[in-house]
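**Student:** My structure is in final30.pdb, and what it holds is PDB, C-alpha atoms and all ligand atoms:
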```pdb
ATOM      1  CA  MET A 983      27.408  -9.004 -39.551
ATOM      2  CA  PRO A 984      25.328 -12.167 -39.964
ATOM      3  CA  GLU A 985      26.285 -14.262 -42.980
ATOM      4  CA  LEU A 986      24.391 -17.111 -44.624
ATOM      5  CA  PRO A 987      24.921 -19.744 -41.892
ATOM      6  CA  GLU A 988      23.708 -17.377 -39.182
ATOM      7  CA  VAL A 989      20.611 -16.453 -41.202
ATOM      8  CA  GLU A 990      19.910 -20.142 -41.870
ATOM      9  CA  VAL A 991      20.208 -20.838 -38.126
ATOM     10  CA  VAL A 992      17.613 -18.116 -37.557
ATOM     11  CA  ARG A 993      15.302 -19.598 -40.228
ATOM     12  CA  ARG A 994      15.550 -23.073 -38.704
ATOM     13  CA  GLY A 995      14.992 -21.671 -35.237
ATOM     14  CA  LEU A 996      11.951 -19.663 -36.257
ATOM     15  CA  ASP A 997      10.322 -22.379 -38.352
ATOM     16  CA  PRO A 998       8.588 -24.363 -35.562
ATOM     17  CA  TRP A 999       7.272 -21.132 -34.037
ATOM     18  CA  VAL A1000       5.961 -19.363 -37.122
ATOM     19  CA  ARG A1001       5.008 -22.019 -39.692
ATOM     20  CA  GLY A1002       1.223 -22.375 -39.519
ATOM     21  CA  ALA A1003       0.873 -19.388 -37.182
ATOM     22  CA  ARG A1004      -1.932 -16.909 -37.804
ATOM     23  CA  ILE A1005      -0.979 -13.264 -37.218
ATOM     24  CA  VAL A1006      -3.554 -11.403 -35.092
ATOM     25  CA  GLY A1007      -1.556  -8.270 -34.218
ATOM     26  CA  VAL A1008       1.317  -6.197 -35.633
ATOM     27  CA  THR A1009       2.952  -3.141 -34.019
ATOM     28  CA  VAL A1010       5.622  -1.116 -35.795
ATOM     29  CA  HIS A1011       7.782   0.593 -33.163
ATOM     30  CA  HIS A1012      10.198   2.312 -35.553
ATOM     31  CA  PRO A1013       9.336   3.373 -39.131
ATOM     32  CA  ARG A1014      12.904   2.815 -40.382
ATOM     33  CA  ALA A1015      12.514  -0.937 -39.855
ATOM     34  CA  ILE A1016       9.766  -1.048 -42.514
ATOM     35  CA  ARG A1017      11.183   1.621 -44.861
ATOM     36  CA  ARG A1018      11.105  -0.870 -47.737
ATOM     37  CA  HIS A1019       7.339  -1.158 -47.234
ATOM     38  CA  LEU A1020       6.650   2.076 -49.077
ATOM     39  CA  ALA A1021       2.933   2.256 -48.194
ATOM     40  CA  GLY A1022       3.809   2.678 -44.498
ATOM     41  CA  ALA A1023       3.131   1.104 -41.118
ATOM     42  CA  ASN A1024      -0.675   0.953 -41.296
ATOM     43  CA  ASP A1025      -0.565  -0.769 -44.668
ATOM     44  CA  PHE A1026       2.167  -3.137 -43.442
ATOM     45  CA  ALA A1027       0.012  -4.215 -40.487
ATOM     46  CA  ALA A1028      -3.163  -4.457 -42.577
ATOM     47  CA  ALA A1029      -1.423  -6.729 -45.102
ATOM     48  CA  LEU A1030      -0.402  -9.117 -42.306
ATOM     49  CA  VAL A1031      -3.200  -9.243 -39.715
ATOM     50  CA  GLY A1032      -5.469 -12.218 -40.335
ATOM     51  CA  THR A1033      -2.994 -14.064 -42.552
ATOM     52  CA  LYS A1034      -1.323 -17.372 -41.784
ATOM     53  CA  ILE A1035       2.401 -18.011 -42.326
ATOM     54  CA  THR A1036       2.693 -21.154 -44.433
ATOM     55  CA  ASP A1037       6.486 -21.662 -44.662
ATOM     56  CA  THR A1038       9.943 -20.231 -43.876
ATOM     57  CA  ARG A1039      12.346 -19.616 -46.770
ATOM     58  CA  ARG A1040      15.768 -18.105 -47.309
ATOM     59  CA  ARG A1041      17.997 -17.100 -50.198
ATOM     60  CA  GLY A1042      21.434 -15.748 -49.350
ATOM     61  CA  LYS A1043      20.821 -13.447 -46.424
ATOM     62  CA  PHE A1044      17.150 -12.746 -47.201
ATOM     63  CA  LEU A1045      14.431 -14.499 -45.209
ATOM     64  CA  TRP A1046      10.829 -14.712 -46.298
ATOM     65  CA  PHE A1047       7.595 -16.150 -44.981
ATOM     66  CA  PRO A1048       4.922 -17.015 -47.583
ATOM     67  CA  LEU A1049       1.412 -16.099 -46.377
ATOM     68  CA  ASP A1050      -1.922 -17.749 -47.159
ATOM     69  CA  SER A1051      -3.003 -14.403 -48.699
ATOM     70  CA  GLY A1052      -0.527 -14.937 -51.550
ATOM     71  CA  ASP A1053       1.773 -12.186 -50.232
ATOM     72  CA  VAL A1054       5.159 -12.788 -48.617
ATOM     73  CA  LEU A1055       6.676 -11.179 -45.516
ATOM     74  CA  LEU A1056      10.341 -10.499 -46.303
ATOM     75  CA  GLY A1057      13.163  -9.744 -43.916
ATOM     76  CA  HIS A1058      16.834  -8.834 -43.974
ATOM     77  CA  LEU A1059      18.860  -8.778 -40.763
ATOM     78  CA  GLY A1060      21.313  -6.124 -41.977
ATOM     79  CA  MET A1061      24.144  -5.630 -39.473
ATOM     80  CA  SER A1062      22.336  -6.367 -36.224
ATOM     81  CA  GLY A1063      18.828  -7.722 -36.901
ATOM     82  CA  GLN A1064      17.472 -10.255 -34.427
ATOM     83  CA  PHE A1065      14.290 -12.238 -33.884
ATOM     84  CA  ILE A1066      13.193 -13.180 -30.381
ATOM     85  CA  VAL A1067      10.258 -15.466 -29.594
ATOM     86  CA  ASN A1068       8.289 -14.748 -26.392
ATOM     87  CA  ASP A1069      11.282 -13.318 -24.465
ATOM     88  CA  SER A1070      10.520 -15.679 -21.565
ATOM     89  CA  ALA A1071      13.985 -15.022 -20.118
ATOM     90  CA  HIS A1072      13.449 -11.235 -20.303
ATOM     91  CA  THR A1073      16.748 -10.755 -22.115
ATOM     92  CA  MET A1074      15.349  -8.460 -24.800
ATOM     93  CA  ASN A1075      16.686  -4.896 -25.028
ATOM     94  CA  ARG A1076      13.452  -2.996 -25.698
ATOM     95  CA  ALA A1077      15.407   0.045 -26.914
ATOM     96  CA  HIS A1078      16.178  -1.988 -30.056
ATOM     97  CA  LEU A1079      12.613  -3.314 -30.566
ATOM     98  CA  ARG A1080      11.394  -2.405 -34.072
ATOM     99  CA  VAL A1081       8.348  -4.616 -34.861
ATOM    100  CA  SER A1082       6.184  -6.918 -32.704
ATOM    101  CA  PHE A1083       3.882  -9.685 -33.922
ATOM    102  CA  THR A1084       1.181 -11.507 -31.956
ATOM    103  CA  PHE A1085       0.009 -14.906 -33.168
ATOM    104  CA  GLU A1086      -3.391 -16.495 -32.558
ATOM    105  CA  ASP A1087      -1.932 -18.772 -29.845
ATOM    106  CA  ASP A1088      -0.503 -15.685 -28.015
ATOM    107  CA  THR A1089       3.065 -16.362 -29.145
ATOM    108  CA  GLN A1090       4.972 -13.065 -29.441
ATOM    109  CA  LEU A1091       7.560 -12.594 -32.172
ATOM    110  CA  TYR A1092       9.858  -9.579 -31.853
ATOM    111  CA  PHE A1093      12.144  -8.061 -34.479
ATOM    112  CA  LEU A1094      15.002  -6.071 -32.979
ATOM    113  CA  ASP A1095      17.694  -4.162 -34.833
ATOM    114  CA  GLN A1096      20.108  -1.880 -33.019
ATOM    115  CA  ARG A1097      21.600  -0.276 -36.125
ATOM    116  CA  THR A1098      18.421  -0.501 -38.291
ATOM    117  CA  PHE A1099      20.210  -1.515 -41.496
ATOM    118  CA  GLY A1100      17.861  -4.504 -41.611
ATOM    119  CA  GLY A1101      14.132  -4.427 -42.161
ATOM    120  CA  LEU A1102      10.815  -6.114 -42.939
ATOM    121  CA  TRP A1103       8.351  -5.593 -45.766
ATOM    122  CA  VAL A1104       5.400  -7.264 -47.508
ATOM    123  CA  GLU A1105       5.114  -7.823 -51.235
ATOM    124  CA  PRO A1106       3.072 -10.022 -53.575
ATOM    125  CA  GLY A1107       4.422 -13.528 -54.012
ATOM    126  CA  ALA A1108       5.497 -14.727 -57.460
ATOM    127  CA  ALA A1109       4.277 -17.885 -59.131
ATOM    128  CA  ASP A1110       7.643 -19.623 -58.742
ATOM    129  CA  GLY A1111       7.790 -18.774 -55.045
ATOM    130  CA  THR A1112      10.652 -16.256 -55.261
ATOM    131  CA  PRO A1113       9.660 -12.753 -54.131
ATOM    132  CA  PRO A1114      10.142 -10.173 -56.941
ATOM    133  CA  SER A1115      12.510  -7.935 -54.958
ATOM    134  CA  ILE A1116      15.054 -10.753 -54.568
ATOM    135  CA  ALA A1117      14.662 -12.335 -58.009
ATOM    136  CA  HIS A1118      18.061 -10.847 -59.001
ATOM    137  CA  ILE A1119      19.792 -12.609 -56.081
ATOM    138  CA  ALA A1120      21.527 -15.801 -57.244
ATOM    139  CA  PRO A1121      20.841 -19.096 -55.464
ATOM    140  CA  ASP A1122      23.209 -19.963 -52.620
ATOM    141  CA  LEU A1123      25.025 -23.231 -52.036
ATOM    142  CA  LEU A1124      22.347 -24.575 -49.690
ATOM    143  CA  ASP A1125      19.581 -23.875 -52.236
ATOM    144  CA  PRO A1126      18.310 -26.817 -54.314
ATOM    145  CA  ALA A1127      18.170 -24.338 -57.225
ATOM    146  CA  PHE A1128      21.974 -23.906 -57.179
ATOM    147  CA  ALA A1129      23.570 -25.522 -60.248
ATOM    148  CA  MET A1130      27.304 -25.759 -60.838
ATOM    149  CA  ALA A1131      27.412 -25.364 -64.644
ATOM    150  CA  PRO A1132      25.622 -21.991 -64.904
ATOM    151  CA  PHE A1133      27.571 -20.711 -61.873
ATOM    152  CA  ALA A1134      30.901 -21.731 -63.442
ATOM    153  CA  ALA A1135      29.984 -20.137 -66.775
ATOM    154  CA  ALA A1136      28.817 -16.887 -65.167
ATOM    155  CA  LEU A1137      31.940 -16.736 -62.998
ATOM    156  CA  LYS A1138      34.327 -17.162 -65.923
ATOM    157  CA  GLY A1139      32.400 -14.570 -67.909
ATOM    158  CA  ARG A1140      32.721 -11.938 -65.196
ATOM    159  CA  ARG A1141      36.445 -11.170 -65.782
ATOM    160  CA  THR A1142      37.258 -10.131 -62.244
ATOM    161  CA  GLU A1143      39.180 -11.439 -59.240
ATOM    162  CA  ILE A1144      37.861 -14.578 -57.550
ATOM    163  CA  LYS A1145      37.035 -13.005 -54.186
ATOM    164  CA  ARG A1146      35.141 -10.119 -55.801
ATOM    165  CA  ALA A1147      33.147 -12.719 -57.762
ATOM    166  CA  LEU A1148      32.314 -14.697 -54.615
ATOM    167  CA  LEU A1149      30.956 -11.541 -52.962
ATOM    168  CA  ASP A1150      28.810 -10.664 -56.012
ATOM    169  CA  GLN A1151      25.271 -11.631 -54.962
ATOM    170  CA  THR A1152      24.144 -11.874 -58.586
ATOM    171  CA  LEU A1153      26.645 -14.736 -59.163
ATOM    172  CA  ILE A1154      26.259 -16.633 -55.898
ATOM    173  CA  SER A1155      24.526 -15.403 -52.762
ATOM    174  CA  GLY A1156      25.301 -15.650 -49.093
ATOM    175  CA  VAL A1157      29.112 -15.571 -49.230
ATOM    176  CA  GLY A1158      30.494 -12.739 -47.111
ATOM    177  CA  ASN A1159      34.028 -11.575 -46.409
ATOM    178  CA  ILE A1160      34.723 -14.100 -43.642
ATOM    179  CA  TYR A1161      33.468 -17.209 -45.463
ATOM    180  CA  ALA A1162      35.166 -16.132 -48.704
ATOM    181  CA  ASP A1163      38.559 -15.949 -46.963
ATOM    182  CA  GLU A1164      38.017 -19.270 -45.192
ATOM    183  CA  ALA A1165      36.949 -21.101 -48.369
ATOM    184  CA  LEU A1166      39.807 -19.623 -50.446
ATOM    185  CA  TRP A1167      42.295 -20.749 -47.768
ATOM    186  CA  ARG A1168      40.895 -24.296 -47.808
ATOM    187  CA  ALA A1169      40.949 -24.433 -51.604
ATOM    188  CA  GLN A1170      44.460 -22.902 -51.641
ATOM    189  CA  LEU A1171      43.492 -20.086 -53.994
ATOM    190  CA  HIS A1172      44.803 -16.504 -53.788
ATOM    191  CA  TYR A1173      41.912 -14.043 -53.410
ATOM    192  CA  ARG A1174      43.094 -11.984 -56.400
ATOM    193  CA  ARG A1175      43.238 -14.882 -58.885
ATOM    194  CA  PRO A1176      41.544 -13.794 -62.126
ATOM    195  CA  THR A1177      38.309 -15.761 -62.564
ATOM    196  CA  ALA A1178      39.249 -16.569 -66.171
ATOM    197  CA  SER A1179      42.346 -18.463 -64.913
ATOM    198  CA  ILE A1180      40.460 -20.735 -62.493
ATOM    199  CA  GLN A1181      40.458 -24.362 -63.672
ATOM    200  CA  SER A1182      37.327 -26.543 -63.292
ATOM    201  CA  SER A1183      39.064 -28.686 -60.672
ATOM    202  CA  GLU A1184      39.973 -25.562 -58.676
ATOM    203  CA  LEU A1185      36.404 -24.280 -58.848
ATOM    204  CA  ASP A1186      35.090 -27.673 -57.711
ATOM    205  CA  ALA A1187      37.481 -27.538 -54.753
ATOM    206  CA  LEU A1188      36.390 -23.999 -53.936
ATOM    207  CA  VAL A1189      32.681 -24.881 -54.009
ATOM    208  CA  ALA A1190      33.376 -27.930 -51.836
ATOM    209  CA  ALA A1191      35.301 -25.697 -49.405
ATOM    210  CA  MET A1192      32.414 -23.212 -49.225
ATOM    211  CA  ARG A1193      29.978 -26.058 -48.494
ATOM    212  CA  GLU A1194      32.319 -27.280 -45.737
ATOM    213  CA  VAL A1195      32.616 -23.934 -43.976
ATOM    214  CA  PHE A1196      28.852 -23.409 -44.188
ATOM    215  CA  ALA A1197      28.189 -26.875 -42.775
ATOM    216  CA  GLU A1198      30.620 -26.333 -39.901
ATOM    217  CA  ALA A1199      29.161 -22.920 -39.136
ATOM    218  CA  LEU A1200      25.610 -24.306 -39.169
ATOM    219  CA  THR A1201      26.655 -26.985 -36.690
ATOM    220  CA  ALA A1202      28.309 -24.413 -34.434
ATOM    221  CA  GLY A1203      25.301 -22.070 -34.677
ATOM    222  CA  GLY A1204      22.995 -24.934 -33.887
ATOM    223  CA  THR A1205      24.804 -25.861 -30.708
ATOM    224  CA  SER A1206      24.441 -22.382 -29.210
ATOM    225  CA  PHE A1207      20.810 -22.081 -30.250
ATOM    226  CA  ASP A1208      18.139 -21.727 -27.575
ATOM    227  CA  ALA A1209      14.595 -22.465 -28.768
ATOM    228  CA  LEU A1210      13.185 -19.493 -26.892
ATOM    229  CA  TYR A1211      15.828 -17.037 -27.979
ATOM    230  CA  VAL A1212      16.519 -16.860 -31.680
ATOM    231  CA  ASN A1213      19.611 -14.759 -31.911
ATOM    232  CA  VAL A1214      22.074 -13.498 -34.455
ATOM    233  CA  ASN A1215      25.150 -11.688 -33.296
ATOM    234  CA  GLY A1216      28.004 -12.461 -35.676
ATOM    235  CA  ASN A1217      29.887 -14.130 -32.824
ATOM    236  CA  SER A1218      28.718 -17.711 -33.140
ATOM    237  CA  GLY A1219      30.950 -20.463 -31.852
ATOM    238  CA  TYR A1220      32.274 -20.955 -35.377
ATOM    239  CA  PHE A1221      33.831 -17.504 -35.428
ATOM    240  CA  ASP A1222      35.689 -18.095 -32.203
ATOM    241  CA  ARG A1223      36.902 -21.639 -32.694
ATOM    242  CA  SER A1224      37.289 -22.631 -36.295
ATOM    243  CA  LEU A1225      38.705 -19.765 -38.334
ATOM    244  CA  LYS A1226      41.854 -20.751 -40.221
ATOM    245  CA  ALA A1227      42.675 -17.528 -42.068
ATOM    246  CA  TYR A1228      40.163 -14.735 -41.382
ATOM    247  CA  GLY A1229      41.333 -12.495 -38.529
ATOM    248  CA  GLN A1230      44.489 -14.594 -38.052
ATOM    249  CA  LYS A1231      47.109 -12.006 -39.099
ATOM    250  CA  ASP A1232      50.660 -13.082 -38.079
ATOM    251  CA  ARG A1233      49.405 -16.392 -36.657
ATOM    252  CA  PRO A1234      50.834 -19.560 -38.247
ATOM    253  CA  CYS A1235      48.888 -21.042 -41.162
ATOM    254  CA  PRO A1236      47.379 -24.293 -39.757
ATOM    255  CA  ARG A1237      48.614 -26.111 -42.893
ATOM    256  CA  CYS A1238      52.208 -24.886 -43.369
ATOM    257  CA  GLY A1239      53.099 -22.614 -40.435
ATOM    258  CA  THR A1240      53.740 -19.500 -42.542
ATOM    259  CA  PRO A1241      52.331 -16.356 -40.884
ATOM    260  CA  ILE A1242      48.928 -15.346 -42.287
ATOM    261  CA  VAL A1243      48.978 -12.027 -44.164
ATOM    262  CA  ARG A1244      46.327  -9.304 -44.006
ATOM    263  CA  GLU A1245      45.794  -6.951 -46.952
ATOM    264  CA  ALA A1246      43.296  -4.150 -47.504
ATOM    265  CA  PHE A1247      40.409  -5.286 -49.707
ATOM    266  CA  THR A1248      37.809  -2.700 -50.766
ATOM    267  CA  ASN A1249      36.967  -1.135 -47.377
ATOM    268  CA  ARG A1250      37.645  -4.388 -45.523
ATOM    269  CA  SER A1251      40.479  -6.928 -45.273
ATOM    270  CA  SER A1252      41.629 -10.118 -46.930
ATOM    271  CA  PHE A1253      43.529 -12.751 -44.949
ATOM    272  CA  TYR A1254      45.533 -15.478 -46.702
ATOM    273  CA  CYS A1255      48.607 -17.695 -46.464
ATOM    274  CA  PRO A1256      51.336 -16.370 -48.817
ATOM    275  CA  ARG A1257      52.802 -19.884 -49.190
ATOM    276  CA  CYS A1258      49.627 -22.003 -49.665
ATOM    277  CA  GLN A1259      47.748 -19.383 -51.702
ATOM    278  CA  VAL A1260      50.126 -18.185 -54.403
ATOM    279  CA  LEU A1261      48.944 -15.674 -56.996
TER     280      LEU A1261
HETATM  281 ZN    ZN A1301      49.954 -22.105 -45.523
END
```
Turn this file's structure into structure tokens for me.

**Tutor:**
Amino acid sequence: MPELPEVEVVRRGLDPWVRGARIVGVTVHHPRAIRRHLAGANDFAAALVGTKITDTRRRGKFLWFPLDSGDVLLGHLGMSGQFIVNDSAHTMNRAHLRVSFTFEDDTQLYFLDQRTFGGLWVEPGAADGTPPSIAHIAPDLLDPAFAMAPFAAALKGRRTEIKRALLDQTLISGVGNIYADEALWRAQLHYRRPTASIQSSELDALVAAMREVFAEALTAGGTSFDALYVNVNGNSGYFDRSLKAYGQKDRPCPRCGTPIVREAFTNRSSFYCPRCQVL
């Protein structure tokens, strides 16, 4: 599943292609991809054709493109969402094609989604630039709107375990299971530590660790990025090369050599070092 760094790689990759582009055609190939656009495919297309995309934005795992009409085109990649520009290499699997866009300069933008948990929709923009349907999503660590003091206060007030808090998109967005485990390992915090017990210095270390893993993942995503093929697959170079804890069950902790432990966590897993990350 794409997490924040993968979605940011997609935003950066799309930006030079879509910013300033005028949409002249929209085809919806599968209604499920626009199910959040309640007025349907014809209305979705009508709201977009003739408009110009003025910017590319992201919060957590949501992408949005402000339009010169005042509306915004929103997108979420879900489990398997993908954008492809022009498909010059003919690598696109048309069975997964959900929505096609044609721009005034004949550029083609395709939205593909094998499992169709993702989707696109149009809604009116808000005065502060944040689309109404994602106003409840907290800023992420790459967002200039992120501020440490309100985050720390909200976290302490939540009275839960630290990893559950990190995955709560109303506290901080964009942190998924993999990046939570990696950041907690770096900060040497057990995933079940009660939020009320976390000291300011520990929280600072945790936020710094999250910024580090995001930065490394963005670098890795950037290196595999092809300008003509904007891709998200959850298997970026970062996942293969740099994971210290996540998916490393029974392998030695890179810091102390103790075998990494895997425990069930909600319907997923938590990976941690039992020596470096003591409860
Ligand atoms: Zn260790």

**Student:** I'd like the interatomic distance between CA of Arg1041 (chain A) and CA of Ile1119 (chain A), to a tenth of an Å.

**Tutor:**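 Separating CA of Arg1041 (chain A) from CA of Ile1119 (chain A) is a distance of 7.6 Å.
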
**Student:** Nearest to Leu1171 (chain A) among A:Ile1144, A:Leu1079, A:Val1157, A:Ala1029, with distances taken over only C-alpha atoms: which residue is it?

**Tutor:** A:Ile1144

**Student:** I want to know what sits within 12 Å of Pro1121 (chain A), based on only C-alpha atoms, with residues of the same chain fewer than 3 positions away left out; could you give that as a PyMOL selection string?

**Tutor:** chain A and resi 986+1040-1044+1112+1116-1118+1124-1130+1132-1133+1150-1157

**Student:** Please give me, as a ChimeraX atom specification, the residues lying within 8 Å of ligand ZN 1301 (chain A) when counting all atoms listed in the file.

**Tutor:** /A:1234-1242,1255-1259

**Student:** For the residues in that selection, give me C-alpha atoms as a PDB file, in the frame of the given file.

**Tutor:**
```pdb
ATOM      1  CA  PRO A1234      50.834 -19.560 -38.247  1.00  0.00           C
ATOM      2  CA  CYS A1235      48.888 -21.042 -41.162  1.00  0.00           C
ATOM      3  CA  PRO A1236      47.379 -24.293 -39.757  1.00  0.00           C
ATOM      4  CA  ARG A1237      48.614 -26.111 -42.893  1.00  0.00           C
ATOM      5  CA  CYS A1238      52.208 -24.886 -43.369  1.00  0.00           C
ATOM      6  CA  GLY A1239      53.099 -22.614 -40.435  1.00  0.00           C
ATOM      7  CA  THR A1240      53.740 -19.500 -42.542  1.00  0.00           C
ATOM      8  CA  PRO A1241      52.331 -16.356 -40.884  1.00  0.00           C
ATOM      9  CA  ILE A1242      48.928 -15.346 -42.287  1.00  0.00           C
ATOM     10  CA  CYS A1255      48.607 -17.695 -46.464  1.00  0.00           C
ATOM     11  CA  PRO A1256      51.336 -16.370 -48.817  1.00  0.00           C
ATOM     12  CA  ARG A1257      52.802 -19.884 -49.190  1.00  0.00           C
ATOM     13  CA  CYS A1258      49.627 -22.003 -49.665  1.00  0.00           C
ATOM     14  CA  GLN A1259      47.748 -19.383 -51.702  1.00  0.00           C
TER      15      GLN A1259
END
```

**Student:** Excluding Ile1005 (chain A) and any residue of its chain fewer than 3 positions from it, enumerate the residues within 7 Å of it, using only C-alpha atoms, and give them as a PyMOL selection string.

**Tutor:** chain A and resi 1030-1034+1083-1086

**Student:** Kindly resolve the PyMOL selection byres (((chain A and resi 1097-1106) around 7) and not hetatm) on the present coordinates and return the residues as a ChimeraX atom specification.

**Tutor:** /A:1014-1016,1018-1019,1026,1052-1063,1095-1096,1107-1108

**Student:** Would you work out the distance separating CA of Gly1007 (chain A) from CA of Glu988 (chain A), expressed in Å to one decimal?

**Tutor:**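 Answer for the CA of Gly1007 (chain A) to CA of Glu988 (chain A) separation: 27.3 Å.
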
**Student:** Would you mind telling me which residue in A:Val989, A:Leu1149, A:Ile1035, A:Val1081 lies nearest to Ala1023 (chain A) when using all atoms listed in the file?

**Tutor:**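 Under the stated criterion, the closest residue is A:Val1081.
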
**Student:** Could you state the separation of CA of Gly1022 (chain A) and CA of Phe1093 (chain A) in Å, given to one decimal place?

**Tutor:**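 Value for the CA of Gly1022 (chain A)-CA of Phe1093 (chain A) distance: 16.9 Å.
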
**Student:** Using the chain letters and residue numbers of this document, give as a list in words the residues selected by the PyMOL selection byres (((chain A and resi 1168) around 9) and not hetatm).

**Tutor:** Asp1163, Glu1164, Ala1165, Leu1166, Trp1167, Ala1169, Gln1170, Leu1171, Ala1187, Leu1188, Ala1191, Met1192 and Lys1226 of chain A

**Student:** Using only C-alpha atoms, which of the listed residues (A:Ile1160, A:Ala1120, A:Leu1185, A:Leu1049) sits closest to Lys1138 (chain A)?

**Tutor:** A:Leu1185

**Student:** Would you write out, as a ChimeraX atom specification, every residue that the PyMOL selection byres (((chain A and resi 1011) around 8) and not hetatm) captures in this file?

**Tutor:** /A:1009-1010,1012-1013,1079-1082

**Student:** Next, write the just-selected residues to a file, as a PDB file, keeping the file's coordinate frame, keeping C-alpha atoms as the atom set.

**Tutor:**
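Generated output (part-v4.pdb):
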```pdb
ATOM      1  CA  THR A1009       2.952  -3.141 -34.019  1.00  0.00           C
ATOM      2  CA  VAL A1010       5.622  -1.116 -35.795  1.00  0.00           C
ATOM      3  CA  HIS A1012      10.198   2.312 -35.553  1.00  0.00           C
ATOM      4  CA  PRO A1013       9.336   3.373 -39.131  1.00  0.00           C
ATOM      5  CA  LEU A1079      12.613  -3.314 -30.566  1.00  0.00           C
ATOM      6  CA  ARG A1080      11.394  -2.405 -34.072  1.00  0.00           C
ATOM      7  CA  VAL A1081       8.348  -4.616 -34.861  1.00  0.00           C
ATOM      8  CA  SER A1082       6.184  -6.918 -32.704  1.00  0.00           C
TER       9      SER A1082
END
```

**Student:** Return the single residue from A:Val1008, A:Ser1183, A:Arg1193, A:Ala1003 that is closest to Asn1024 (chain A), with distances computed using only C-alpha atoms.

**Tutor:** A:Val1008

**Student:** Please list as a PDB file with C-alpha atoms, in the coordinates of the input every residue within 10 Å of Ser1224 (chain A), counting all atoms listed in the file and excluding residues in the same chain fewer than 6 positions away.

**Tutor:**
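Written file, result_24.pdb:
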```
ATOM      1  CA  GLU A1164      38.017 -19.270 -45.192  1.00  0.00           C
ATOM      2  CA  VAL A1195      32.616 -23.934 -43.976  1.00  0.00           C
ATOM      3  CA  GLU A1198      30.620 -26.333 -39.901  1.00  0.00           C
ATOM      4  CA  ALA A1199      29.161 -22.920 -39.136  1.00  0.00           C
ATOM      5  CA  ALA A1202      28.309 -24.413 -34.434  1.00  0.00           C
TER       6      ALA A1202
END
```
